[in-house]
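J.: I'm passing along data-v4.txt; it holds compact mmCIF, C-alpha atoms.
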```txt
# COMPACT_ATOMS: atom_id res chain seq x y z
CA MET O 1 4.05 6.37 -78.94
CA ILE O 2 3.86 3.44 -76.50
CA ASP O 3 0.42 2.74 -75.09
CA PRO O 4 0.95 1.47 -71.50
CA SER O 5 -2.65 0.23 -71.41
CA THR O 6 -1.86 -2.49 -73.95
CA ALA O 7 -0.95 -5.96 -72.71
CA PRO O 8 2.82 -6.46 -72.25
CA LEU O 9 4.61 -8.47 -74.91
CA LEU O 10 6.97 -9.75 -72.21
CA ARG O 11 6.21 -10.09 -68.51
CA LEU O 12 8.89 -11.16 -66.04
CA ARG O 13 8.38 -11.61 -62.31
CA GLU O 14 10.97 -12.25 -59.58
CA ILE O 15 13.62 -13.69 -61.89
CA ARG O 16 16.51 -15.13 -59.88
CA LYS O 17 19.73 -16.66 -61.11
CA SER O 18 22.78 -17.87 -59.19
CA PHE O 19 26.11 -19.31 -60.20
CA GLY O 20 27.20 -21.36 -57.22
CA GLU O 21 27.11 -19.08 -54.18
CA ASN O 22 26.94 -15.94 -56.32
CA GLU O 23 23.37 -14.69 -56.74
CA VAL O 24 23.57 -12.63 -59.92
CA LEU O 25 19.85 -11.80 -60.32
CA LYS O 26 17.96 -11.08 -57.13
CA GLY O 27 14.29 -11.10 -58.07
CA VAL O 28 14.05 -8.89 -61.17
CA SER O 29 10.58 -7.99 -62.47
CA LEU O 30 9.85 -6.18 -65.73
CA ASP O 31 7.12 -5.61 -68.33
CA ILE O 32 7.99 -4.81 -71.95
CA HIS O 33 5.21 -3.43 -74.16
CA PRO O 34 5.07 -3.76 -77.96
CA GLY O 35 7.18 -1.08 -79.64
CA GLU O 36 9.22 -0.23 -76.55
CA VAL O 37 12.98 0.27 -76.72
CA VAL O 38 14.41 -0.43 -73.27
CA SER O 39 18.09 0.14 -72.57
CA ILE O 40 19.89 -1.56 -69.69
CA ILE O 41 22.98 0.12 -68.26
CA GLY O 42 25.20 -0.75 -65.33
CA ALA O 43 28.69 -1.78 -64.30
CA SER O 44 30.26 -5.09 -65.28
CA GLY O 45 28.97 -7.86 -63.03
CA SER O 46 25.71 -6.10 -62.21
CA GLY O 47 23.63 -8.84 -63.86
CA LYS O 48 22.70 -7.11 -67.14
CA SER O 49 23.83 -9.76 -69.60
CA THR O 50 22.67 -12.64 -67.40
CA PHE O 51 19.23 -11.04 -67.29
CA LEU O 52 19.14 -10.70 -71.07
CA ARG O 53 20.25 -14.29 -71.57
CA SER O 54 17.60 -15.47 -69.09
CA ILE O 55 14.83 -14.10 -71.30
CA ASN O 56 15.46 -16.70 -74.01
CA ALA O 57 16.66 -19.25 -71.43
CA MET O 58 20.26 -19.31 -72.60
CA GLU O 59 20.75 -19.01 -68.86
CA MET O 60 17.95 -20.87 -67.09
CA PRO O 61 16.61 -18.96 -64.07
CA GLN O 62 16.27 -20.91 -60.84
CA SER O 63 13.14 -19.04 -59.84
CA GLY O 64 10.56 -16.63 -61.21
CA PHE O 65 7.88 -16.44 -63.87
CA MET O 66 7.87 -15.43 -67.52
CA GLU O 67 5.10 -14.76 -70.02
CA PHE O 68 5.80 -14.03 -73.68
CA GLY O 69 2.95 -14.23 -76.15
CA ASP O 70 1.50 -17.71 -75.82
CA PHE O 71 4.39 -18.92 -73.65
CA SER O 72 4.11 -19.12 -69.88
CA PHE O 73 6.97 -20.52 -67.78
CA ASP O 74 7.45 -21.07 -64.05
CA PHE O 75 11.14 -21.56 -63.31
CA ARG O 76 10.76 -22.76 -59.72
CA ALA O 77 12.26 -26.20 -59.11
CA GLU O 78 8.95 -27.67 -57.96
CA SER O 79 7.00 -26.32 -60.94
CA ARG O 80 5.75 -28.41 -63.85
CA GLN O 81 5.82 -25.40 -66.21
CA HIS O 82 9.52 -25.58 -67.07
CA PRO O 83 10.16 -24.96 -70.77
CA THR O 84 10.61 -28.08 -72.89
CA ALA O 85 13.20 -28.31 -75.67
CA ALA O 86 10.47 -27.79 -78.28
CA GLN O 87 9.13 -24.75 -76.43
CA LEU O 88 12.61 -23.24 -76.18
CA GLN O 89 13.15 -23.62 -79.93
CA ALA O 90 9.77 -21.99 -80.61
CA LEU O 91 10.51 -19.20 -78.11
CA ARG O 92 13.90 -18.43 -79.62
CA ALA O 93 12.37 -18.32 -83.09
CA GLN O 94 10.36 -15.30 -81.87
CA ILE O 95 13.12 -13.61 -79.86
CA GLY O 96 16.14 -12.50 -81.88
CA MET O 97 19.42 -12.06 -80.02
CA VAL O 98 22.65 -10.40 -81.11
CA PHE O 99 25.87 -10.61 -79.10
CA GLN O 100 29.03 -8.53 -78.88
CA SER O 101 30.86 -11.33 -80.70
CA TYR O 102 29.20 -11.64 -84.08
CA ASN O 103 28.82 -15.45 -83.97
CA LEU O 104 28.53 -15.71 -87.75
CA TRP O 105 29.28 -19.15 -89.17
CA PRO O 106 32.72 -18.70 -90.77
CA HIS O 107 32.23 -21.52 -93.30
CA MET O 108 29.04 -19.91 -94.70
CA THR O 109 28.71 -16.87 -96.94
CA VAL O 110 26.82 -13.82 -95.75
CA LEU O 111 23.71 -14.95 -97.64
CA GLU O 112 23.92 -18.49 -96.27
CA ASN O 113 24.27 -17.12 -92.73
CA VAL O 114 21.09 -15.06 -93.11
CA ILE O 115 18.89 -17.74 -94.70
CA HIS O 116 20.00 -20.70 -92.57
CA ALA O 117 17.56 -20.30 -89.66
CA PRO O 118 14.48 -19.31 -91.72
CA VAL O 119 14.96 -22.36 -93.94
CA LYS O 120 15.89 -24.86 -91.22
CA ILE O 121 13.66 -23.67 -88.36
CA ARG O 122 10.76 -21.76 -89.91
CA LYS O 123 10.72 -24.00 -93.01
CA VAL O 124 10.63 -21.01 -95.36
CA PRO O 125 11.16 -22.09 -98.99
CA ARG O 126 14.77 -21.43 -99.92
CA ARG O 127 13.86 -19.15 -102.84
CA ASP O 128 11.67 -17.00 -100.58
CA ALA O 129 14.34 -16.90 -97.87
CA ILE O 130 16.96 -15.75 -100.38
CA LYS O 131 14.69 -12.96 -101.65
CA ALA O 132 13.98 -11.75 -98.11
CA ALA O 133 17.67 -11.96 -97.17
CA GLU O 134 18.77 -10.02 -100.25
CA ASP O 135 16.20 -7.32 -99.46
CA LEU O 136 17.57 -7.02 -95.92
CA LEU O 137 21.18 -6.94 -97.10
CA ASN O 138 20.33 -4.31 -99.69
CA ARG O 139 18.75 -2.20 -96.98
CA ILE O 140 21.95 -2.12 -94.92
CA GLY O 141 24.20 -1.59 -97.95
CA LEU O 142 25.73 -5.07 -97.93
CA TYR O 143 23.99 -6.66 -100.91
CA GLU O 144 27.28 -6.75 -102.80
CA LYS O 145 28.80 -8.76 -99.94
CA ARG O 146 26.18 -11.53 -100.05
CA ASP O 147 28.65 -14.10 -101.44
CA ALA O 148 31.52 -13.06 -99.18
CA TYR O 149 32.64 -15.00 -96.13
CA PRO O 150 32.59 -13.27 -92.71
CA ALA O 151 36.40 -13.10 -92.53
CA ARG O 152 36.31 -10.71 -95.50
CA LEU O 153 34.08 -8.22 -93.68
CA SER O 154 34.92 -5.46 -91.21
CA GLY O 155 33.69 -5.80 -87.63
CA GLY O 156 30.90 -3.31 -88.25
CA GLN O 157 29.79 -5.17 -91.37
CA GLN O 158 29.81 -8.50 -89.52
CA GLN O 159 27.70 -7.07 -86.71
CA ARG O 160 25.16 -5.65 -89.15
CA VAL O 161 24.94 -9.05 -90.83
CA ALA O 162 24.40 -10.62 -87.39
CA ILE O 163 21.51 -8.20 -86.78
CA VAL O 164 20.02 -8.94 -90.21
CA ARG O 165 20.37 -12.68 -89.57
CA ALA O 166 18.24 -12.26 -86.43
CA LEU O 167 15.73 -10.07 -88.29
CA ALA O 168 15.33 -12.70 -91.00
CA MET O 169 13.41 -14.81 -88.47
CA LYS O 170 10.85 -11.97 -88.15
CA PRO O 171 11.10 -11.85 -84.34
CA LYS O 172 8.60 -10.13 -82.07
CA LEU O 173 11.40 -9.00 -79.73
CA MET O 174 15.07 -8.22 -80.34
CA LEU O 175 17.72 -8.56 -77.62
CA PHE O 176 21.09 -6.82 -78.05
CA ASP O 177 23.93 -7.66 -75.66
CA GLU O 178 26.55 -4.88 -75.86
CA VAL O 179 26.72 -5.29 -79.63
CA THR O 180 29.13 -2.35 -80.15
CA SER O 181 31.61 -3.10 -77.35
CA ALA O 182 33.92 -5.22 -79.53
CA LEU O 183 33.99 -2.70 -82.39
CA ASP O 184 36.58 -0.07 -83.15
CA PRO O 185 35.19 3.42 -82.39
CA GLU O 186 34.81 4.37 -86.05
CA LEU O 187 32.64 1.29 -86.70
CA VAL O 188 30.20 1.82 -83.82
CA HIS O 189 28.18 4.47 -85.65
CA GLU O 190 27.08 2.27 -88.55
CA VAL O 191 25.65 -0.34 -86.15
CA LEU O 192 23.86 2.26 -84.00
CA VAL O 193 22.30 3.81 -87.11
CA LEU O 194 20.76 0.44 -88.02
CA MET O 195 19.48 -0.08 -84.47
CA ALA O 196 17.99 3.42 -84.38
CA ALA O 197 16.21 2.72 -87.67
CA LEU O 198 14.72 -0.47 -86.24
CA ALA O 199 13.54 1.45 -83.19
CA SER O 200 11.90 4.12 -85.35
CA GLU O 201 10.02 1.40 -87.25
CA GLY O 202 8.47 0.04 -84.05
CA MET O 203 10.66 -2.99 -83.36
CA THR O 204 10.42 -4.00 -79.70
CA MET O 205 13.98 -3.99 -78.38
CA LEU O 206 15.78 -4.69 -75.11
CA LEU O 207 19.46 -3.84 -75.14
CA VAL O 208 22.41 -3.88 -72.81
CA THR O 209 24.63 -0.97 -73.77
CA HIS O 210 27.34 1.44 -72.67
CA GLU O 211 26.32 3.88 -75.42
CA ILE O 212 24.71 6.39 -73.08
CA ALA O 213 23.85 8.94 -75.77
CA PHE O 214 22.08 6.22 -77.78
CA ALA O 215 20.18 5.07 -74.67
CA ARG O 216 19.14 8.66 -73.95
CA ASP O 217 18.04 9.59 -77.46
CA VAL O 218 16.50 6.35 -78.78
CA SER O 219 15.11 4.50 -75.75
CA SER O 220 11.61 4.83 -74.38
CA ARG O 221 12.90 3.65 -71.00
CA VAL O 222 16.23 3.03 -69.30
CA LEU O 223 17.05 0.56 -66.51
CA PHE O 224 20.09 0.89 -64.25
CA PHE O 225 21.19 -2.49 -62.96
CA ASP O 226 23.20 -2.59 -59.74
CA GLN O 227 24.15 -5.74 -57.83
CA GLY O 228 21.48 -7.90 -59.43
CA VAL O 229 18.49 -5.56 -59.13
CA ILE O 230 16.95 -2.70 -61.10
CA ALA O 231 18.14 0.21 -58.97
CA GLU O 232 16.66 3.04 -61.08
CA THR O 233 14.30 3.12 -64.04
CA GLY O 234 12.31 5.65 -66.00
CA ASP O 235 12.40 8.12 -68.87
CA PRO O 236 16.03 8.22 -70.11
CA GLN O 237 15.92 12.00 -70.43
CA VAL O 238 15.16 12.17 -66.70
CA VAL O 239 17.14 9.24 -65.31
CA LEU O 240 20.34 9.98 -67.22
CA ARG O 241 20.28 13.73 -66.72
CA ASN O 242 19.20 13.66 -63.08
CA PRO O 243 20.24 10.37 -61.45
CA GLN O 244 18.85 9.87 -57.96
CA SER O 245 21.50 7.54 -56.52
CA ASP O 246 25.22 7.99 -55.94
CA ARG O 247 25.83 4.63 -57.63
CA LEU O 248 24.28 5.80 -60.90
CA ARG O 249 26.02 9.18 -60.72
CA GLN O 250 29.36 7.43 -60.26
CA PHE O 251 28.65 5.02 -63.09
CA LEU O 252 27.72 7.79 -65.54
CA HIS O 253 30.76 9.83 -64.54
CA ARG O 254 33.04 6.85 -65.15
CA ILE O 255 31.44 6.08 -68.53
CA LEU O 256 31.82 9.70 -69.64
CA HIS O 257 35.45 9.78 -68.43
CA ASP O 258 36.28 6.55 -70.28
CA HIS O 259 34.63 7.85 -73.48
CA VAL O 260 36.62 11.09 -73.34
CA GLY O 261 39.80 9.11 -72.72
CA GLU O 262 39.19 6.88 -75.73
CA SER O 263 38.58 9.92 -77.94
CA ALA O 264 41.79 11.54 -76.74
CA ARG O 265 43.80 8.40 -77.53
CA ALA O 266 42.28 7.94 -81.00
CA PRO O 267 44.02 9.26 -84.14
CA LYS O 268 42.64 12.66 -85.10
CA GLU O 269 41.11 11.42 -88.33
CA GLU O 270 39.02 8.90 -86.36
CA ILE O 271 37.44 11.42 -84.01
CA ARG O 272 33.87 12.25 -84.95
```
Just dump the structure as structure tokens.
T.:
Amino acid sequence: MIDPSTAPLLRLREIRKSFGENEVLKGVSLDIHPGEVVSIIGASGSGKSTFLRSINAMEMPQSGFMEFGDFSFDFRAESRQHPTAAQLQALRAQIGMVFQSYNLWPHMTVLENVIHAPVKIRKVPRRDAIKAAEDLLNRIGLYEKRDAYPARLSGGQQQRVAIVRALAMKPKLMLFDEVTSALDPELVHEVLVLMAALASEGMTMLLVTHEIAFARDVSSRVLFFDQGVIAETGDPQVVLRNPQSDRLRQFLHRILHDHVGESARAPKEEIR
């Protein structure tokens, strides 16, 4: 149970980001409390992924404020609180991020992928990093693949390794950017099961997703992004079952229609 009286782990105020003349984020504010699982939904181009990437400054906002643990940044041009390179490295060591493309290093084995950042960035002794990595791989049923290269894994296996690689840094917050969108339908389930387990264990998570059932059943809160702003937010059981805006109703209808269409096109043995 999330205690809203506790201090937020992440506080964002008036985050703005433009690409040329296109203002993608139009002053987004959000608090994330420890243990929350917050799902972000919305159409392509609504600003969801840009917002997620702004949190660990993979996309640097042009304006706004951010507080995360001991970090405090002011992104305004005239500010002297812009993050330094050292601060960004320290920030990203505490915020794990997983993308729709797995981004595993192809020349490294599964085990080497998982231990690389803890050894190089957190300076964990290699023996300790290997033990922790093998424990994580055993948990997700991929211990036997520890010496395999990514090309020998299925998409679902690669994505689970990518999640474990982020977890190996022991982050305070996990960001997931549409991590199932590149997977075949039959592989989506194994990734969502892992994410649901993390949520049940109290991992603070912020995820961009089109998996509406997952957002409804696992999230503590859902955000609907539309044209660079949070257009609706609240309890997923309420927001997703009784949307207040036509834009959200249309979006949910389209997502449901696309999902039904994909199921109809899939071979019968693949339908769950």
J.: How far is it from atom CA of Asp70 of chain O to atom CA of Ile15 of chain O, in Å with one decimal?
T.: 18.9 Å
J.: Have a look at O:Leu104, O:Leu10, O:Ile41, O:Ala168 and name the one nearest to Glu232 of chain O; count only C-alpha atoms.
T.: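 Using only C-alpha atoms, Glu232 of chain O sits closest to O:Ile41.
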J.: Report as a list in words all protein, DNA and RNA residues lying within 12 Å of Ser49 of chain O, evaluated on all atoms listed in the file, omitting residues in the same chain fewer than 5 positions from it.
T.: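 Listing them by chain and then by number gives Lys17, Val24, Leu25, Ser39, Ile40, Ile41, Gly42, Ala43, Ser44, Ser54, Ile55, Asn56, Met58, Glu59, Met97, Val98, Phe99, Gln100, Leu175, Phe176, Asp177, Glu178, Val179, Leu206, Leu207, Val208, Thr209, Phe225 and Gly228 of chain O.
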J.: Let me see the file: selected residues, C-alpha atoms, as a compact mmCIF listing (two decimals), in the frame of the given file.
T.:
```txt
# COMPACT_ATOMS: atom_id res chain seq x y z
CA LYS O 17 19.73 -16.66 -61.11
CA VAL O 24 23.57 -12.63 -59.92
CA LEU O 25 19.85 -11.80 -60.32
CA SER O 39 18.09 0.14 -72.57
CA ILE O 40 19.89 -1.56 -69.69
CA ILE O 41 22.98 0.12 -68.26
CA GLY O 42 25.20 -0.75 -65.33
CA ALA O 43 28.69 -1.78 -64.30
CA SER O 44 30.26 -5.09 -65.28
CA SER O 54 17.60 -15.47 -69.09
CA ILE O 55 14.83 -14.10 -71.30
CA ASN O 56 15.46 -16.70 -74.01
CA MET O 58 20.26 -19.31 -72.60
CA GLU O 59 20.75 -19.01 -68.86
CA MET O 97 19.42 -12.06 -80.02
CA VAL O 98 22.65 -10.40 -81.11
CA PHE O 99 25.87 -10.61 -79.10
CA GLN O 100 29.03 -8.53 -78.88
CA LEU O 175 17.72 -8.56 -77.62
CA PHE O 176 21.09 -6.82 -78.05
CA ASP O 177 23.93 -7.66 -75.66
CA GLU O 178 26.55 -4.88 -75.86
CA VAL O 179 26.72 -5.29 -79.63
CA LEU O 206 15.78 -4.69 -75.11
CA LEU O 207 19.46 -3.84 -75.14
CA VAL O 208 22.41 -3.88 -72.81
CA THR O 209 24.63 -0.97 -73.77
CA PHE O 225 21.19 -2.49 -62.96
CA GLY O 228 21.48 -7.90 -59.43
```
J.: Between O:Gly69, O:Val188, O:Arg165, O:Gln89, which is the closest to Ala132 of chain O once you count all atoms listed in the file?
T.: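 When distances to Ala132 of chain O are compared using all atoms listed in the file, the smallest one comes from O:Arg165.
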J.: Could you work out how far atom CA of Ala133 of chain O lies from atom CA of Val114 of chain O, giving the answer in Å with one decimal?
T.: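 According to the coordinates, atom CA of Val114 of chain O and atom CA of Ala133 of chain O are separated by 6.1 Å.
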J.: Just give me the gap between atom CA of Arg152 of chain O and atom CA of Gly96 of chain O in Å, one decimal is fine.
T.: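 Going from atom CA of Arg152 of chain O over to atom CA of Gly96 of chain O, I get 24.4 Å.
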J.: For Gly141 of chain O, find every residue with an atom within 10 Å (counting only C-alpha atoms), except residues of its own chain fewer than 5 positions away, and show them as a PyMOL selection string.
T.: chain O and resi 135-136+157+160
J.: Of the candidates O:Leu12, O:Ala182, O:Gly35, O:Glu21, which shows the shortest atom-to-atom distance to Ser200 of chain O, using all atoms listed in the file?
T.: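 When distances to Ser200 of chain O are compared using all atoms listed in the file, the smallest one comes from O:Gly35.
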J.: List the neighbours of Pro8 of chain O out to 9 Å using all atoms listed in the file; skip same-chain residues closer than 6 positions along the sequence, and give me the result as a list of chain:residue names.
T.: O:Asp31, O:Ile32, O:His33, O:Pro34, O:Glu67, O:Phe68, O:Gly69
J.: Using all atoms listed in the file, which of O:Met205, O:Arg254, O:Asp147, O:Phe214 sits nearest His189 of chain O?
T.: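 Counting all atoms listed in the file, the residue closest to His189 of chain O is O:Phe214.
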J.: Hey, which of O:Asp74, O:Asp217, O:Glu36, O:Glu190 ends up closest to Thr204 of chain O? Count all atoms listed in the file.
T.: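 For Thr204 of chain O, the nearest of the candidates is O:Glu36.
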J.: With 8 Å of padding per side, what axis-aligned box (centre and edge lengths, Å, one decimal) covers all the listed atoms of segment 221-240 of chain O? Give it as JSON.
T.:
```
{"center_x": 18.2, "center_y": 2.1, "center_z": -64.4, "size_x": 27.8, "size_y": 36.1, "size_z": 29.2}
```
J.: Rank O:Pro106, O:Arg241, O:Met169, O:Gly47 by their smallest atom-to-atom distance to Ala151 of chain O, using only C-alpha atoms, and report the top residue only.
T.: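 Looking at the shortest contact to Ala151 of chain O, the residue is O:Pro106.
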J.: Write out as a PDB file with C-alpha atoms, in the frame of the given file which residues come within 10 Å of Thr233 of chain O when counting only C-alpha atoms, dropping same-chain ones fewer than 2 positions away.
T.:
```pdb
ATOM      1  CA  VAL O  38      14.410  -0.430 -73.270  1.00  0.00           C
ATOM      2  CA  SER O  39      18.090   0.140 -72.570  1.00  0.00           C
ATOM      3  CA  ILE O  40      19.890  -1.560 -69.690  1.00  0.00           C
ATOM      4  CA  ARG O 221      12.900   3.650 -71.000  1.00  0.00           C
ATOM      5  CA  VAL O 222      16.230   3.030 -69.300  1.00  0.00           C
ATOM      6  CA  LEU O 223      17.050   0.560 -66.510  1.00  0.00           C
ATOM      7  CA  PHE O 224      20.090   0.890 -64.250  1.00  0.00           C
ATOM      8  CA  PHE O 225      21.190  -2.490 -62.960  1.00  0.00           C
ATOM      9  CA  ILE O 230      16.950  -2.700 -61.100  1.00  0.00           C
ATOM     10  CA  ALA O 231      18.140   0.210 -58.970  1.00  0.00           C
ATOM     11  CA  ASP O 235      12.400   8.120 -68.870  1.00  0.00           C
ATOM     12  CA  PRO O 236      16.030   8.220 -70.110  1.00  0.00           C
ATOM     13  CA  VAL O 238      15.160  12.170 -66.700  1.00  0.00           C
ATOM     14  CA  VAL O 239      17.140   9.240 -65.310  1.00  0.00           C
ATOM     15  CA  LEU O 240      20.340   9.980 -67.220  1.00  0.00           C
ATOM     16  CA  PRO O 243      20.240  10.370 -61.450  1.00  0.00           C
TER      17      PRO O 243
END
```
J.: Hey, could you patch up segment 67-92 of chain O with N, CA and C atoms and hand it over as a PDB file, in the coordinates of the input?
T.:
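Printed below is rebuild.pdb as written:
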```pdb
ATOM      1  N   GLU O  67       6.143 -14.644 -69.002  1.00  0.00           N
ATOM      2  CA  GLU O  67       5.100 -14.760 -70.020  1.00  0.00           C
ATOM      3  C   GLU O  67       5.556 -14.000 -71.253  1.00  0.00           C
ATOM      4  N   PHE O  68       5.447 -14.655 -72.397  1.00  0.00           N
ATOM      5  CA  PHE O  68       5.800 -14.030 -73.680  1.00  0.00           C
ATOM      6  C   PHE O  68       4.852 -14.582 -74.724  1.00  0.00           C
ATOM      7  N   GLY O  69       3.937 -13.750 -75.198  1.00  0.00           N
ATOM      8  CA  GLY O  69       2.950 -14.230 -76.150  1.00  0.00           C
ATOM      9  C   GLY O  69       2.169 -15.393 -75.585  1.00  0.00           C
ATOM     10  N   ASP O  70       2.216 -16.524 -76.274  1.00  0.00           N
ATOM     11  CA  ASP O  70       1.500 -17.710 -75.820  1.00  0.00           C
ATOM     12  C   ASP O  70       2.314 -18.554 -74.840  1.00  0.00           C
ATOM     13  N   PHE O  71       3.540 -18.142 -74.548  1.00  0.00           N
ATOM     14  CA  PHE O  71       4.390 -18.920 -73.650  1.00  0.00           C
ATOM     15  C   PHE O  71       4.205 -18.459 -72.209  1.00  0.00           C
ATOM     16  N   SER O  72       4.196 -19.414 -71.304  1.00  0.00           N
ATOM     17  CA  SER O  72       4.110 -19.120 -69.880  1.00  0.00           C
ATOM     18  C   SER O  72       4.982 -20.120 -69.134  1.00  0.00           C
ATOM     19  N   PHE O  73       6.021 -19.643 -68.447  1.00  0.00           N
ATOM     20  CA  PHE O  73       6.970 -20.520 -67.780  1.00  0.00           C
ATOM     21  C   PHE O  73       7.073 -20.169 -66.292  1.00  0.00           C
ATOM     22  N   ASP O  74       7.187 -21.198 -65.476  1.00  0.00           N
ATOM     23  CA  ASP O  74       7.450 -21.070 -64.050  1.00  0.00           C
ATOM     24  C   ASP O  74       8.773 -21.778 -63.798  1.00  0.00           C
ATOM     25  N   PHE O  75       9.804 -21.002 -63.415  1.00  0.00           N
ATOM     26  CA  PHE O  75      11.140 -21.560 -63.310  1.00  0.00           C
ATOM     27  C   PHE O  75      11.450 -22.191 -61.960  1.00  0.00           C
ATOM     28  N   ARG O  76      10.499 -22.166 -61.033  1.00  0.00           N
ATOM     29  CA  ARG O  76      10.760 -22.760 -59.720  1.00  0.00           C
ATOM     30  C   ARG O  76      10.998 -24.265 -59.850  1.00  0.00           C
ATOM     31  N   ALA O  77      11.857 -24.781 -59.023  1.00  0.00           N
ATOM     32  CA  ALA O  77      12.260 -26.200 -59.110  1.00  0.00           C
ATOM     33  C   ALA O  77      11.066 -27.130 -59.004  1.00  0.00           C
ATOM     34  N   GLU O  78      10.089 -26.780 -58.179  1.00  0.00           N
ATOM     35  CA  GLU O  78       8.950 -27.670 -57.960  1.00  0.00           C
ATOM     36  C   GLU O  78       7.865 -27.515 -59.015  1.00  0.00           C
ATOM     37  N   SER O  79       8.034 -26.590 -59.942  1.00  0.00           N
ATOM     38  CA  SER O  79       7.000 -26.320 -60.940  1.00  0.00           C
ATOM     39  C   SER O  79       7.009 -27.371 -62.045  1.00  0.00           C
ATOM     40  N   ARG O  80       5.852 -27.547 -62.674  1.00  0.00           N
ATOM     41  CA  ARG O  80       5.750 -28.410 -63.850  1.00  0.00           C
ATOM     42  C   ARG O  80       5.639 -27.586 -65.129  1.00  0.00           C
ATOM     43  N   GLN O  81       5.914 -26.268 -65.037  1.00  0.00           N
ATOM     44  CA  GLN O  81       5.820 -25.400 -66.210  1.00  0.00           C
ATOM     45  C   GLN O  81       7.196 -25.008 -66.729  1.00  0.00           C
ATOM     46  N   HIS O  82       8.203 -25.846 -66.507  1.00  0.00           N
ATOM     47  CA  HIS O  82       9.520 -25.580 -67.070  1.00  0.00           C
ATOM     48  C   HIS O  82       9.441 -25.692 -68.594  1.00  0.00           C
ATOM     49  N   PRO O  83      10.200 -24.867 -69.303  1.00  0.00           N
ATOM     50  CA  PRO O  83      10.160 -24.960 -70.770  1.00  0.00           C
ATOM     51  C   PRO O  83      10.754 -26.270 -71.272  1.00  0.00           C
ATOM     52  N   THR O  84      10.082 -26.890 -72.242  1.00  0.00           N
ATOM     53  CA  THR O  84      10.610 -28.080 -72.890  1.00  0.00           C
ATOM     54  C   THR O  84      11.551 -27.655 -74.018  1.00  0.00           C
ATOM     55  N   ALA O  85      12.281 -28.610 -74.561  1.00  0.00           N
ATOM     56  CA  ALA O  85      13.200 -28.310 -75.670  1.00  0.00           C
ATOM     57  C   ALA O  85      12.444 -27.733 -76.864  1.00  0.00           C
ATOM     58  N   ALA O  86      11.267 -28.284 -77.153  1.00  0.00           N
ATOM     59  CA  ALA O  86      10.470 -27.790 -78.280  1.00  0.00           C
ATOM     60  C   ALA O  86       9.985 -26.366 -78.013  1.00  0.00           C
ATOM     61  N   GLN O  87       9.582 -26.098 -76.777  1.00  0.00           N
ATOM     62  CA  GLN O  87       9.130 -24.750 -76.430  1.00  0.00           C
ATOM     63  C   GLN O  87      10.273 -23.747 -76.534  1.00  0.00           C
ATOM     64  N   LEU O  88      11.457 -24.142 -76.109  1.00  0.00           N
ATOM     65  CA  LEU O  88      12.610 -23.240 -76.180  1.00  0.00           C
ATOM     66  C   LEU O  88      12.944 -22.903 -77.633  1.00  0.00           C
ATOM     67  N   GLN O  89      12.884 -23.884 -78.508  1.00  0.00           N
ATOM     68  CA  GLN O  89      13.150 -23.620 -79.930  1.00  0.00           C
ATOM     69  C   GLN O  89      12.107 -22.660 -80.488  1.00  0.00           C
ATOM     70  N   ALA O  90      10.831 -22.865 -80.126  1.00  0.00           N
ATOM     71  CA  ALA O  90       9.770 -21.990 -80.610  1.00  0.00           C
ATOM     72  C   ALA O  90       9.917 -20.586 -80.026  1.00  0.00           C
ATOM     73  N   LEU O  91      10.308 -20.497 -78.765  1.00  0.00           N
ATOM     74  CA  LEU O  91      10.510 -19.200 -78.110  1.00  0.00           C
ATOM     75  C   LEU O  91      11.628 -18.434 -78.803  1.00  0.00           C
ATOM     76  N   ARG O  92      12.744 -19.106 -79.038  1.00  0.00           N
ATOM     77  CA  ARG O  92      13.900 -18.430 -79.620  1.00  0.00           C
ATOM     78  C   ARG O  92      13.687 -18.056 -81.081  1.00  0.00           C
TER      79      ARG O  92
END
```
